[in-house]
$ cat input_10.cif   # mmCIF, C-alpha atoms
data_model
#
loop_
_atom_site.label_atom_id
_atom_site.label_comp_id
_atom_site.auth_asym_id
_atom_site.auth_seq_id
_atom_site.Cartn_x
_atom_site.Cartn_y
_atom_site.Cartn_z
CA MET V 1 68.29 115.79 99.18
CA SER V 2 69.40 112.27 98.24
CA PRO V 3 67.65 109.30 99.91
CA HIS V 4 70.37 108.83 102.54
CA GLY V 5 71.95 112.30 102.36
CA ARG V 6 75.58 111.16 102.01
CA VAL V 7 78.07 113.08 99.92
CA ALA V 8 81.08 111.87 97.92
CA VAL V 9 83.91 113.37 95.90
CA VAL V 10 85.37 111.25 93.10
CA THR V 11 88.56 112.35 91.34
CA GLY V 12 89.31 111.16 87.83
CA ALA V 13 85.55 110.75 87.48
CA GLY V 14 85.25 111.35 83.75
CA THR V 15 86.40 107.93 82.55
CA GLY V 16 87.23 104.39 83.58
CA ILE V 17 87.30 103.40 87.23
CA GLY V 18 86.41 106.87 88.48
CA LYS V 19 83.35 107.04 86.27
CA ALA V 20 82.25 103.54 87.32
CA ALA V 21 82.56 104.49 90.98
CA ALA V 22 80.77 107.81 90.51
CA LEU V 23 77.86 106.09 88.75
CA ALA V 24 77.61 103.43 91.47
CA LEU V 25 77.55 106.10 94.18
CA LEU V 26 74.98 108.24 92.34
CA THR V 27 72.74 105.24 91.69
CA ASP V 28 72.88 104.38 95.40
CA GLY V 29 71.66 107.85 96.33
CA TYR V 30 74.86 109.79 97.00
CA ARG V 31 75.33 113.40 96.03
CA VAL V 32 78.60 113.30 94.12
CA ALA V 33 81.14 115.91 93.08
CA LEU V 34 82.76 114.64 89.89
CA ALA V 35 86.30 115.98 89.52
CA GLY V 36 88.67 115.62 86.58
CA ARG V 37 90.59 117.56 83.96
CA ARG V 38 88.06 117.43 81.11
CA ARG V 39 84.69 119.08 81.66
CA GLU V 40 83.05 117.35 78.70
CA MET V 41 83.91 113.89 80.04
CA LEU V 42 82.63 114.79 83.50
CA GLU V 43 79.38 116.12 82.07
CA GLN V 44 78.91 112.94 80.03
CA ALA V 45 79.54 110.82 83.13
CA ALA V 46 76.89 112.78 85.02
CA LYS V 47 74.48 112.44 82.10
CA ASP V 48 75.05 108.68 82.06
CA ALA V 49 73.70 108.54 85.62
CA GLY V 50 70.21 109.15 84.22
CA ALA V 51 67.72 110.37 86.80
CA ALA V 52 70.51 110.53 89.40
CA ALA V 53 72.29 113.24 87.37
CA SER V 54 70.45 115.87 89.41
CA ARG V 55 72.66 114.88 92.36
CA ALA V 56 75.92 115.30 90.42
CA LEU V 57 78.18 118.35 90.66
CA VAL V 58 80.74 118.72 87.86
CA VAL V 59 83.97 120.40 89.00
CA PRO V 60 86.85 120.47 86.47
CA THR V 61 89.96 120.02 88.62
CA ASP V 62 93.69 119.59 88.23
CA VAL V 63 94.60 117.59 91.33
CA THR V 64 98.24 118.73 91.10
CA ASP V 65 97.18 122.35 91.71
CA PRO V 66 96.62 123.09 95.42
CA ALA V 67 94.33 126.03 94.64
CA ALA V 68 92.19 123.90 92.32
CA VAL V 69 91.90 121.17 94.96
CA LYS V 70 90.83 123.70 97.58
CA GLU V 71 88.22 125.01 95.14
CA LEU V 72 86.90 121.47 94.55
CA PHE V 73 86.23 120.88 98.22
CA ALA V 74 84.93 124.40 98.80
CA ARG V 75 82.41 123.94 96.00
CA THR V 76 81.42 120.55 97.39
CA LYS V 77 80.79 122.07 100.82
CA GLU V 78 78.86 124.98 99.31
CA ALA V 79 76.64 122.67 97.24
CA PHE V 80 76.16 119.77 99.63
CA GLY V 81 77.15 120.99 103.10
CA ARG V 82 79.45 118.12 104.09
CA LEU V 83 81.65 115.26 102.85
CA ASP V 84 81.26 111.60 103.73
CA VAL V 85 83.44 109.84 101.16
CA LEU V 86 86.45 110.74 99.03
CA PHE V 87 87.39 108.28 96.30
CA ASN V 88 90.96 109.38 95.64
CA ASN V 89 91.21 107.90 92.14
CA ALA V 90 92.94 110.25 89.69
CA GLY V 91 96.09 108.71 88.26
CA ILE V 92 98.29 108.46 85.19
CA SER V 93 101.12 106.26 83.94
CA SER V 94 104.26 106.86 81.90
CA PRO V 95 105.46 105.32 78.62
CA ALA V 96 106.48 101.68 79.02
CA VAL V 97 110.16 102.19 78.28
CA PRO V 98 113.33 101.25 80.19
CA MET V 99 113.77 103.36 83.31
CA GLU V 100 116.95 104.97 82.03
CA ASP V 101 115.11 106.26 78.96
CA LEU V 102 112.46 108.16 80.94
CA SER V 103 112.86 111.90 81.21
CA TYR V 104 112.74 113.54 84.61
CA ASP V 105 109.63 115.43 83.50
CA GLN V 106 107.89 112.11 82.73
CA TRP V 107 108.80 110.81 86.19
CA LYS V 108 107.75 114.02 87.91
CA LYS V 109 104.38 114.21 86.13
CA VAL V 110 103.38 110.76 87.41
CA VAL V 111 104.51 111.61 90.95
CA GLU V 112 102.60 114.91 90.86
CA VAL V 113 99.30 113.27 89.88
CA ASN V 114 99.46 109.88 91.56
CA LEU V 115 101.03 110.89 94.86
CA ASN V 116 100.99 114.66 95.33
CA GLY V 117 97.45 114.96 93.96
CA MET V 118 96.20 112.20 96.24
CA PHE V 119 97.87 113.87 99.23
CA LEU V 120 96.33 117.27 98.44
CA CYS V 121 92.84 115.80 98.08
CA ALA V 122 93.22 113.79 101.29
CA GLN V 123 94.31 116.94 103.16
CA GLU V 124 91.22 118.88 102.12
CA ALA V 125 88.92 115.93 102.82
CA ILE V 126 90.37 115.49 106.31
CA ARG V 127 89.91 119.20 107.05
CA MET V 128 86.23 118.99 106.07
CA MET V 129 85.59 115.71 107.87
CA LYS V 130 87.16 116.91 111.13
CA SER V 131 85.15 120.12 111.23
CA GLN V 132 81.68 118.96 110.17
CA GLU V 133 78.85 117.70 112.32
CA PRO V 134 78.43 114.79 112.59
CA ARG V 135 82.16 114.60 112.12
CA GLY V 136 84.18 111.97 110.29
CA GLY V 137 84.06 110.25 106.94
CA ARG V 138 85.90 107.80 104.73
CA ILE V 139 88.77 108.13 102.26
CA ILE V 140 89.25 105.37 99.69
CA ASN V 141 92.56 105.48 97.80
CA ASN V 142 92.95 103.81 94.43
CA GLY V 143 96.11 101.75 94.65
CA SER V 144 96.80 99.11 92.04
CA ILE V 145 98.16 95.62 91.66
CA SER V 146 101.33 97.68 91.12
CA ALA V 147 101.15 98.59 94.82
CA HIS V 148 102.23 94.96 95.38
CA ALA V 149 104.35 94.02 92.35
CA PRO V 150 105.67 95.89 89.30
CA ARG V 151 105.16 95.29 85.63
CA PRO V 152 108.20 95.64 83.36
CA HIS V 153 109.08 99.28 82.60
CA SER V 154 106.71 100.83 85.13
CA ALA V 155 109.00 102.54 87.67
CA PRO V 156 107.10 105.87 88.11
CA TYR V 157 103.66 104.24 88.33
CA THR V 158 104.80 101.40 90.60
CA ALA V 159 106.79 103.68 92.90
CA THR V 160 103.84 106.02 93.37
CA LYS V 161 101.40 103.19 93.99
CA HIS V 162 103.70 101.73 96.64
CA ALA V 163 103.77 105.22 98.18
CA VAL V 164 99.97 105.34 98.13
CA THR V 165 99.97 102.28 100.40
CA GLY V 166 102.03 104.20 102.96
CA LEU V 167 99.73 107.19 102.64
CA THR V 168 96.69 104.95 103.20
CA LYS V 169 98.18 103.55 106.40
CA CYS V 170 99.07 107.03 107.68
CA ILE V 171 95.59 108.41 107.00
CA SER V 172 94.03 105.36 108.64
CA LEU V 173 96.20 105.87 111.74
CA ASP V 174 95.99 109.65 111.98
CA GLY V 175 92.27 109.68 111.18
CA ARG V 176 91.29 107.46 114.11
CA PRO V 177 90.78 110.24 116.67
CA HIS V 178 88.54 112.12 114.23
CA ASP V 179 86.30 109.23 113.08
CA ILE V 180 87.97 109.21 109.67
CA ALA V 181 88.41 105.76 108.12
CA CYS V 182 90.78 105.12 105.23
CA GLY V 183 91.12 102.12 102.95
CA GLN V 184 92.70 101.22 99.63
CA ILE V 185 91.41 99.28 96.65
CA ASP V 186 94.02 97.57 94.46
CA ILE V 187 92.59 96.77 91.05
CA GLY V 188 93.89 94.40 88.41
CA ASN V 189 92.81 94.51 84.78
CA ALA V 190 89.45 96.26 84.87
CA LEU V 191 88.33 96.91 81.28
CA THR V 192 88.92 100.63 80.76
CA GLU V 193 90.57 102.67 78.02
CA LEU V 194 93.77 102.59 80.07
CA ALA V 195 93.77 98.78 80.46
CA ALA V 196 92.38 97.78 77.05
CA ARG V 197 95.91 97.02 75.83
CA MET V 198 95.99 94.02 78.20
CA GLY V 199 93.63 92.24 75.84
CA LYS V 200 96.09 92.67 72.98
CA GLY V 201 99.16 91.36 74.81
CA VAL V 202 101.55 93.01 77.27
CA PRO V 203 105.11 92.19 78.37
CA GLN V 204 105.54 89.73 81.24
CA ALA V 205 108.38 89.38 83.74
CA ASP V 206 110.01 86.60 81.69
CA GLY V 207 110.08 88.74 78.55
CA ALA V 208 107.12 87.06 76.88
CA VAL V 209 104.15 89.01 75.57
CA GLN V 210 100.86 87.62 76.84
CA VAL V 211 97.19 88.48 76.47
CA GLU V 212 95.71 89.02 79.93
CA PRO V 213 92.10 88.52 81.06
CA LEU V 214 90.02 91.59 81.88
CA MET V 215 86.96 92.14 84.08
CA ASP V 216 84.01 94.50 83.78
CA VAL V 217 84.83 97.87 85.37
CA ALA V 218 81.34 97.93 86.90
CA HIS V 219 82.59 95.38 89.46
CA VAL V 220 85.03 98.03 90.68
CA GLY V 221 82.24 100.57 91.06
CA ARG V 222 80.27 98.15 93.21
CA ALA V 223 83.35 97.36 95.32
CA VAL V 224 84.00 101.05 95.99
CA LEU V 225 80.33 101.46 96.93
CA TYR V 226 80.61 98.54 99.38
CA MET V 227 83.63 100.15 101.06
CA ALA V 228 81.89 103.54 101.11
CA ASN V 229 78.73 102.20 102.72
CA LEU V 230 80.39 100.55 105.73
CA PRO V 231 79.68 102.23 109.07
CA LEU V 232 82.64 104.25 110.33
CA ASP V 233 83.40 101.71 113.03
CA ALA V 234 84.32 99.18 110.29
CA ASN V 235 86.91 99.54 107.55
CA VAL V 236 88.27 97.64 104.57
CA LEU V 237 91.92 98.62 104.93
CA PHE V 238 93.01 96.86 101.73
CA MET V 239 90.95 95.17 99.03
CA THR V 240 92.46 93.46 95.98
CA LEU V 241 89.97 93.11 93.15
CA MET V 242 91.29 91.43 90.03
CA ALA V 243 90.38 89.49 86.93
CA THR V 244 90.46 85.92 88.29
CA LYS V 245 92.86 84.53 85.69
CA MET V 246 95.24 87.47 85.34
CA PRO V 247 98.89 86.49 85.89
CA PHE V 248 99.46 88.13 89.27
CA VAL V 249 99.52 85.27 91.78
CA GLY V 250 102.40 82.92 91.04
CA ARG V 251 105.91 83.02 89.67
CA GLY V 252 106.81 85.52 86.96
#
$ encode --input "input_10.cif" --output "structure tokens"
Amino acid sequence: MSPHGRVAVVTGAGTGIGKAAALALLTDGYRVALAGRRREMLEQAAKDAGAAASRALVVPTDVTDPAAVKELFARTKEAFGRLDVLFNNAGISSPAVPMEDLSYDQWKKVVEVNLNGMFLCAQEAIRMMKSQEPRGGRIINNGSISAHAPRPHSAPYTATKHAVTGLTKCISLDGRPHDIACGQIDIGNALTELAARMGKGVPQADGAVQVEPLMDVAHVGRAVLYMANLPLDANVLFMTLMATKMPFVGRG
């Protein structure tokens, strides 16, 4: 049993933001189910937790597959007995090309992971949280700065992240009678493999290419932990965490 007994599921836990959040939760004493497509990356993430690795459960999962998502939450319940926190993090982007040059399959793949996958995981989490004793829990959705404003050539990613904001509000509203809180963290330029290109220069709204500041991804892990550890009568509905000098606030 972990020091405080709480249980979390983190999707996309093998790398980047998901890994940072999983490590923060494990270090704090959570029992954590690490979900993602690549077993070897999940196992390495658990190993990186050091002594806390004994509280990690590795569950390779394709969040676009309803059966796989059901299996993830069933295994979590079997191993840990309940669920207190879901960090709904798994996400992908598409090639940065003009919208008209994207294939429908490229569009659909982003929608399936970023929106459908998040919906499926939220469904299963809600079912567990409603039926357990004590009931309730918290769902934290990973939005993005793109949930507020697009980058050039980012239609699938931006559209899904705007949709995540609507999903967050619906879960927050519909979860109230069941003691289920829901919030969203919108992250800008955390240093991960996905965002490393920002340090080399990326297109801006005016057509220029500009190097953008990055922040340590560990700050994101600590922010997710803060949201997770609030009592269920308090909720961070939206948090924006960004590299201070990134070009988000202002005119593009």
$ closest_residue --input "input_10.cif" --among "V:Ala208, V:Ala8, V:Ala45, V:Met129" --to "Ala33 of chain V" --atoms "all atoms listed in the file"
V:Ala8
$ resolve_selection --input "input_10.cif" --expression "the PyMOL selection byres ((chain V and resi 209-226) around 7)" --output "list in words"
Ile17, Ala20, Ala21, Ala24, Leu25, Asn189, Ala190, Leu191, Thr192, Met198, Gly199, Lys200, Gly201, Val202, Pro203, Gln204, Gly207, Ala208, Met227, Ala228, Asn229, Leu230, Ala243, Lys245 and Met246 of chain V
$ write_last_selection --input "input_10.cif" --atoms "C-alpha atoms" --output "CSV table (one decimal), keeping the file's coordinate frame"
chain,number,residue,atom,x,y,z
V,17,ILE,CA,87.3,103.4,87.2
V,20,ALA,CA,82.2,103.5,87.3
V,21,ALA,CA,82.6,104.5,91.0
V,24,ALA,CA,77.6,103.4,91.5
V,25,LEU,CA,77.6,106.1,94.2
V,189,ASN,CA,92.8,94.5,84.8
V,190,ALA,CA,89.4,96.3,84.9
V,191,LEU,CA,88.3,96.9,81.3
V,192,THR,CA,88.9,100.6,80.8
V,198,MET,CA,96.0,94.0,78.2
V,199,GLY,CA,93.6,92.2,75.8
V,200,LYS,CA,96.1,92.7,73.0
V,201,GLY,CA,99.2,91.4,74.8
V,202,VAL,CA,101.6,93.0,77.3
V,203,PRO,CA,105.1,92.2,78.4
V,204,GLN,CA,105.5,89.7,81.2
V,207,GLY,CA,110.1,88.7,78.6
V,208,ALA,CA,107.1,87.1,76.9
V,227,MET,CA,83.6,100.2,101.1
V,228,ALA,CA,81.9,103.5,101.1
V,229,ASN,CA,78.7,102.2,102.7
V,230,LEU,CA,80.4,100.6,105.7
V,243,ALA,CA,90.4,89.5,86.9
V,245,LYS,CA,92.9,84.5,85.7
V,246,MET,CA,95.2,87.5,85.3
$ resolve_selection --input "input_10.cif" --expression "the PyMOL selection byres ((chain V and resi 146) around 12)" --output "tab-separated table (two decimals) with C-alpha atoms, keeping the file's coordinate frame"
chain	number	residue	atom	x	y	z
V	93	SER	CA	101.12	106.26	83.94
V	142	ASN	CA	92.95	103.81	94.43
V	143	GLY	CA	96.11	101.75	94.65
V	144	SER	CA	96.80	99.11	92.04
V	145	ILE	CA	98.16	95.62	91.66
V	147	ALA	CA	101.15	98.59	94.82
V	148	HIS	CA	102.23	94.96	95.38
V	149	ALA	CA	104.35	94.02	92.35
V	150	PRO	CA	105.67	95.89	89.30
V	151	ARG	CA	105.16	95.29	85.63
V	152	PRO	CA	108.20	95.64	83.36
V	153	HIS	CA	109.08	99.28	82.60
V	154	SER	CA	106.71	100.83	85.13
V	155	ALA	CA	109.00	102.54	87.67
V	156	PRO	CA	107.10	105.87	88.11
V	157	TYR	CA	103.66	104.24	88.33
V	158	THR	CA	104.80	101.40	90.60
V	159	ALA	CA	106.79	103.68	92.90
V	160	THR	CA	103.84	106.02	93.37
V	161	LYS	CA	101.40	103.19	93.99
V	162	HIS	CA	103.70	101.73	96.64
V	163	ALA	CA	103.77	105.22	98.18
V	164	VAL	CA	99.97	105.34	98.13
V	165	THR	CA	99.97	102.28	100.40
V	185	ILE	CA	91.41	99.28	96.65
V	186	ASP	CA	94.02	97.57	94.46
V	187	ILE	CA	92.59	96.77	91.05
V	188	GLY	CA	93.89	94.40	88.41
V	189	ASN	CA	92.81	94.51	84.78
V	240	THR	CA	92.46	93.46	95.98
V	242	MET	CA	91.29	91.43	90.03
V	248	PHE	CA	99.46	88.13	89.27
$ residues_near_point --input "input_10.cif" --point "(74.0, 108.2, 89.4)" --cutoff "8 Å" --atoms "only C-alpha atoms" --output "list in words"
Ala22, Leu23, Ala24, Leu25, Leu26, Thr27, Asp28, Gly29, Tyr30, Ala46, Asp48, Ala49, Gly50, Ala51, Ala52, Ala53, Arg55 and Ala56 of chain V
$ residues_near_point --input "input_10.cif" --point "(77.9, 118.6, 104.8)" --cutoff "8 Å" --atoms "all atoms listed in the file" --output "PyMOL selection string"
chain V and resi 7+77+80-84+132-133
$ atom_distance --input "input_10.cif" --atom1 "atom CA of Val9 of chain V" --atom2 "atom CA of Trp107 of chain V"
26.8 Å
$ atom_distance --input "input_10.cif" --atom1 "atom CA of Lys108 of chain V" --atom2 "atom CA of Phe87 of chain V"
22.8 Å
$ atom_distance --input "input_10.cif" --atom1 "atom CA of Ile139 of chain V" --atom2 "atom CA of Asn235 of chain V"
10.3 Å
$ resolve_selection --input "input_10.cif" --expression "the PyMOL selection byres ((chain V and resi 118) around 9)" --output "ChimeraX atom specification"
/V:63-64,88-91,112-117,119-123,141,164,167
$ write_last_selection --input "input_10.cif" --atoms "C-alpha atoms" --output "mmCIF file, keeping the file's coordinate frame"
data_model
loop_
_atom_site.group_PDB
_atom_site.id
_atom_site.type_symbol
_atom_site.label_atom_id
_atom_site.label_comp_id
_atom_site.auth_asym_id
_atom_site.auth_seq_id
_atom_site.Cartn_x
_atom_site.Cartn_y
_atom_site.Cartn_z
ATOM 1 C CA VAL V 63 94.600 117.590 91.330
ATOM 2 C CA THR V 64 98.240 118.730 91.100
ATOM 3 C CA ASN V 88 90.960 109.380 95.640
ATOM 4 C CA ASN V 89 91.210 107.900 92.140
ATOM 5 C CA ALA V 90 92.940 110.250 89.690
ATOM 6 C CA GLY V 91 96.090 108.710 88.260
ATOM 7 C CA GLU V 112 102.600 114.910 90.860
ATOM 8 C CA VAL V 113 99.300 113.270 89.880
ATOM 9 C CA ASN V 114 99.460 109.880 91.560
ATOM 10 C CA LEU V 115 101.030 110.890 94.860
ATOM 11 C CA ASN V 116 100.990 114.660 95.330
ATOM 12 C CA GLY V 117 97.450 114.960 93.960
ATOM 13 C CA PHE V 119 97.870 113.870 99.230
ATOM 14 C CA LEU V 120 96.330 117.270 98.440
ATOM 15 C CA CYS V 121 92.840 115.800 98.080
ATOM 16 C CA ALA V 122 93.220 113.790 101.290
ATOM 17 C CA GLN V 123 94.310 116.940 103.160
ATOM 18 C CA ASN V 141 92.560 105.480 97.800
ATOM 19 C CA VAL V 164 99.970 105.340 98.130
ATOM 20 C CA LEU V 167 99.730 107.190 102.640
#
$ residues_around --input "input_10.cif" --residues "segment 175-181 of chain V" --least-positions-apart "6" --cutoff "10 Å" --atoms "only C-alpha atoms" --output "MDAnalysis selection string"
chainID V and resid 84:85 125:126 129:131 134:140 168:169 228 230:237
$ residues_around --input "input_10.cif" --residues "Glu43 of chain V" --least-positions-apart "5" --cutoff "9 Å" --atoms "all atoms listed in the file" --output "PDB file with C-alpha atoms, in the coordinates of the input"
ATOM      1  CA  GLY V  14      85.250 111.350  83.750  1.00  0.00           C
ATOM      2  CA  LEU V  34      82.760 114.640  89.890  1.00  0.00           C
ATOM      3  CA  ARG V  38      88.060 117.430  81.110  1.00  0.00           C
ATOM      4  CA  ASP V  48      75.050 108.680  82.060  1.00  0.00           C
ATOM      5  CA  LEU V  57      78.180 118.350  90.660  1.00  0.00           C
ATOM      6  CA  VAL V  58      80.740 118.720  87.860  1.00  0.00           C
TER       7      VAL V  58
END
$ closest_residue --input "input_10.cif" --among "V:Lys47, V:Arg31, V:Glu100, V:Thr11" --to "Val59 of chain V" --atoms "all atoms listed in the file"
V:Thr11
$ decode --input "input_10.cif" --residues "segment 18-44 of chain V" --atoms "N, CA, C and O atoms" --output "PDB file, in the first residue's frame"
ATOM      1  N   GLY V  18       3.598  12.800 -20.135  1.00  0.00           N
ATOM      2  CA  GLY V  18       3.008  11.682 -19.415  1.00  0.00           C
ATOM      3  C   GLY V  18       3.986  11.028 -18.457  1.00  0.00           C
ATOM      4  O   GLY V  18       3.641  10.716 -17.316  1.00  0.00           O
ATOM      5  N   LYS V  19       5.206  10.844 -18.911  1.00  0.00           N
ATOM      6  CA  LYS V  19       6.232  10.260 -18.040  1.00  0.00           C
ATOM      7  C   LYS V  19       6.521  11.174 -16.861  1.00  0.00           C
ATOM      8  O   LYS V  19       6.626  10.715 -15.717  1.00  0.00           O
ATOM      9  N   ALA V  20       6.646  12.481 -17.118  1.00  0.00           N
ATOM     10  CA  ALA V  20       6.919  13.429 -16.032  1.00  0.00           C
ATOM     11  C   ALA V  20       5.813  13.393 -14.987  1.00  0.00           C
ATOM     12  O   ALA V  20       6.078  13.431 -13.777  1.00  0.00           O
ATOM     13  N   ALA V  21       4.565  13.317 -15.443  1.00  0.00           N
ATOM     14  CA  ALA V  21       3.444  13.265 -14.506  1.00  0.00           C
ATOM     15  C   ALA V  21       3.433  11.954 -13.735  1.00  0.00           C
ATOM     16  O   ALA V  21       3.201  11.936 -12.521  1.00  0.00           O
ATOM     17  N   ALA V  22       3.678  10.847 -14.438  1.00  0.00           N
ATOM     18  CA  ALA V  22       3.693   9.544 -13.767  1.00  0.00           C
ATOM     19  C   ALA V  22       4.775   9.493 -12.695  1.00  0.00           C
ATOM     20  O   ALA V  22       4.541   8.993 -11.578  1.00  0.00           O
ATOM     21  N   LEU V  23       5.956  10.031 -12.996  1.00  0.00           N
ATOM     22  CA  LEU V  23       7.038  10.029 -12.010  1.00  0.00           C
ATOM     23  C   LEU V  23       6.701  10.914 -10.811  1.00  0.00           C
ATOM     24  O   LEU V  23       6.989  10.551  -9.668  1.00  0.00           O
ATOM     25  N   ALA V  24       6.071  12.061 -11.064  1.00  0.00           N
ATOM     26  CA  ALA V  24       5.680  12.948  -9.952  1.00  0.00           C
ATOM     27  C   ALA V  24       4.658  12.261  -9.053  1.00  0.00           C
ATOM     28  O   ALA V  24       4.742  12.333  -7.817  1.00  0.00           O
ATOM     29  N   LEU V  25       3.697  11.582  -9.651  1.00  0.00           N
ATOM     30  CA  LEU V  25       2.668  10.888  -8.875  1.00  0.00           C
ATOM     31  C   LEU V  25       3.270   9.727  -8.085  1.00  0.00           C
ATOM     32  O   LEU V  25       2.964   9.541  -6.899  1.00  0.00           O
ATOM     33  N   LEU V  26       4.128   8.943  -8.726  1.00  0.00           N
ATOM     34  CA  LEU V  26       4.770   7.818  -8.035  1.00  0.00           C
ATOM     35  C   LEU V  26       5.624   8.307  -6.871  1.00  0.00           C
ATOM     36  O   LEU V  26       5.579   7.742  -5.775  1.00  0.00           O
ATOM     37  N   THR V  27       6.381   9.362  -7.096  1.00  0.00           N
ATOM     38  CA  THR V  27       7.250   9.896  -6.046  1.00  0.00           C
ATOM     39  C   THR V  27       6.444  10.396  -4.856  1.00  0.00           C
ATOM     40  O   THR V  27       6.876  10.304  -3.704  1.00  0.00           O
ATOM     41  N   ASP V  28       5.232  10.888  -5.138  1.00  0.00           N
ATOM     42  CA  ASP V  28       4.366  11.395  -4.070  1.00  0.00           C
ATOM     43  C   ASP V  28       3.680  10.275  -3.299  1.00  0.00           C
ATOM     44  O   ASP V  28       3.074  10.527  -2.260  1.00  0.00           O
ATOM     45  N   GLY V  29       3.740   9.060  -3.810  1.00  0.00           N
ATOM     46  CA  GLY V  29       3.133   7.944  -3.098  1.00  0.00           C
ATOM     47  C   GLY V  29       1.964   7.272  -3.792  1.00  0.00           C
ATOM     48  O   GLY V  29       1.391   6.318  -3.258  1.00  0.00           O
ATOM     49  N   TYR V  30       1.589   7.761  -4.976  1.00  0.00           N
ATOM     50  CA  TYR V  30       0.495   7.133  -5.717  1.00  0.00           C
ATOM     51  C   TYR V  30       0.894   5.751  -6.211  1.00  0.00           C
ATOM     52  O   TYR V  30       2.070   5.478  -6.485  1.00  0.00           O
ATOM     53  N   ARG V  31      -0.110   4.898  -6.346  1.00  0.00           N
ATOM     54  CA  ARG V  31       0.012   3.698  -7.171  1.00  0.00           C
ATOM     55  C   ARG V  31      -0.464   4.087  -8.560  1.00  0.00           C
ATOM     56  O   ARG V  31      -1.546   4.660  -8.699  1.00  0.00           O
ATOM     57  N   VAL V  32       0.344   3.820  -9.571  1.00  0.00           N
ATOM     58  CA  VAL V  32       0.089   4.386 -10.893  1.00  0.00           C
ATOM     59  C   VAL V  32       0.090   3.306 -11.968  1.00  0.00           C
ATOM     60  O   VAL V  32       1.039   2.521 -12.078  1.00  0.00           O
ATOM     61  N   ALA V  33      -0.976   3.277 -12.757  1.00  0.00           N
ATOM     62  CA  ALA V  33      -1.013   2.465 -13.967  1.00  0.00           C
ATOM     63  C   ALA V  33      -0.480   3.305 -15.116  1.00  0.00           C
ATOM     64  O   ALA V  33      -1.044   4.360 -15.430  1.00  0.00           O
ATOM     65  N   LEU V  34       0.614   2.856 -15.710  1.00  0.00           N
ATOM     66  CA  LEU V  34       1.246   3.564 -16.811  1.00  0.00           C
ATOM     67  C   LEU V  34       0.764   2.944 -18.122  1.00  0.00           C
ATOM     68  O   LEU V  34       1.022   1.766 -18.393  1.00  0.00           O
ATOM     69  N   ALA V  35       0.064   3.732 -18.921  1.00  0.00           N
ATOM     70  CA  ALA V  35      -0.505   3.242 -20.172  1.00  0.00           C
ATOM     71  C   ALA V  35       0.162   3.936 -21.352  1.00  0.00           C
ATOM     72  O   ALA V  35       0.489   5.119 -21.292  1.00  0.00           O
ATOM     73  N   GLY V  36       0.347   3.198 -22.428  1.00  0.00           N
ATOM     74  CA  GLY V  36       0.935   3.744 -23.644  1.00  0.00           C
ATOM     75  C   GLY V  36       1.113   2.628 -24.659  1.00  0.00           C
ATOM     76  O   GLY V  36       0.894   1.453 -24.368  1.00  0.00           O
ATOM     77  N   ARG V  37       1.535   2.992 -25.857  1.00  0.00           N
ATOM     78  CA  ARG V  37       1.630   2.005 -26.930  1.00  0.00           C
ATOM     79  C   ARG V  37       2.861   1.117 -26.820  1.00  0.00           C
ATOM     80  O   ARG V  37       2.829  -0.036 -27.249  1.00  0.00           O
ATOM     81  N   ARG V  38       3.955   1.622 -26.261  1.00  0.00           N
ATOM     82  CA  ARG V  38       5.228   0.904 -26.307  1.00  0.00           C
ATOM     83  C   ARG V  38       5.630   0.401 -24.921  1.00  0.00           C
ATOM     84  O   ARG V  38       5.963   1.188 -24.039  1.00  0.00           O
ATOM     85  N   ARG V  39       5.567  -0.914 -24.753  1.00  0.00           N
ATOM     86  CA  ARG V  39       5.867  -1.510 -23.452  1.00  0.00           C
ATOM     87  C   ARG V  39       7.244  -1.115 -22.942  1.00  0.00           C
ATOM     88  O   ARG V  39       7.423  -0.805 -21.758  1.00  0.00           O
ATOM     89  N   GLU V  40       8.247  -1.127 -23.830  1.00  0.00           N
ATOM     90  CA  GLU V  40       9.609  -0.868 -23.378  1.00  0.00           C
ATOM     91  C   GLU V  40       9.762   0.537 -22.808  1.00  0.00           C
ATOM     92  O   GLU V  40      10.500   0.744 -21.828  1.00  0.00           O
ATOM     93  N   MET V  41       9.048   1.514 -23.377  1.00  0.00           N
ATOM     94  CA  MET V  41       9.117   2.877 -22.860  1.00  0.00           C
ATOM     95  C   MET V  41       8.400   2.986 -21.515  1.00  0.00           C
ATOM     96  O   MET V  41       8.854   3.702 -20.611  1.00  0.00           O
ATOM     97  N   LEU V  42       7.294   2.278 -21.369  1.00  0.00           N
ATOM     98  CA  LEU V  42       6.578   2.272 -20.095  1.00  0.00           C
ATOM     99  C   LEU V  42       7.421   1.627 -19.000  1.00  0.00           C
ATOM    100  O   LEU V  42       7.481   2.130 -17.868  1.00  0.00           O
ATOM    101  N   GLU V  43       8.067   0.530 -19.331  1.00  0.00           N
ATOM    102  CA  GLU V  43       8.901  -0.159 -18.346  1.00  0.00           C
ATOM    103  C   GLU V  43      10.080   0.708 -17.932  1.00  0.00           C
ATOM    104  O   GLU V  43      10.473   0.720 -16.759  1.00  0.00           O
ATOM    105  N   GLN V  44      10.652   1.451 -18.882  1.00  0.00           N
ATOM    106  CA  GLN V  44      11.755   2.347 -18.541  1.00  0.00           C
ATOM    107  C   GLN V  44      11.272   3.484 -17.648  1.00  0.00           C
ATOM    108  O   GLN V  44      11.960   3.875 -16.693  1.00  0.00           O
TER     109      GLN V  44
END
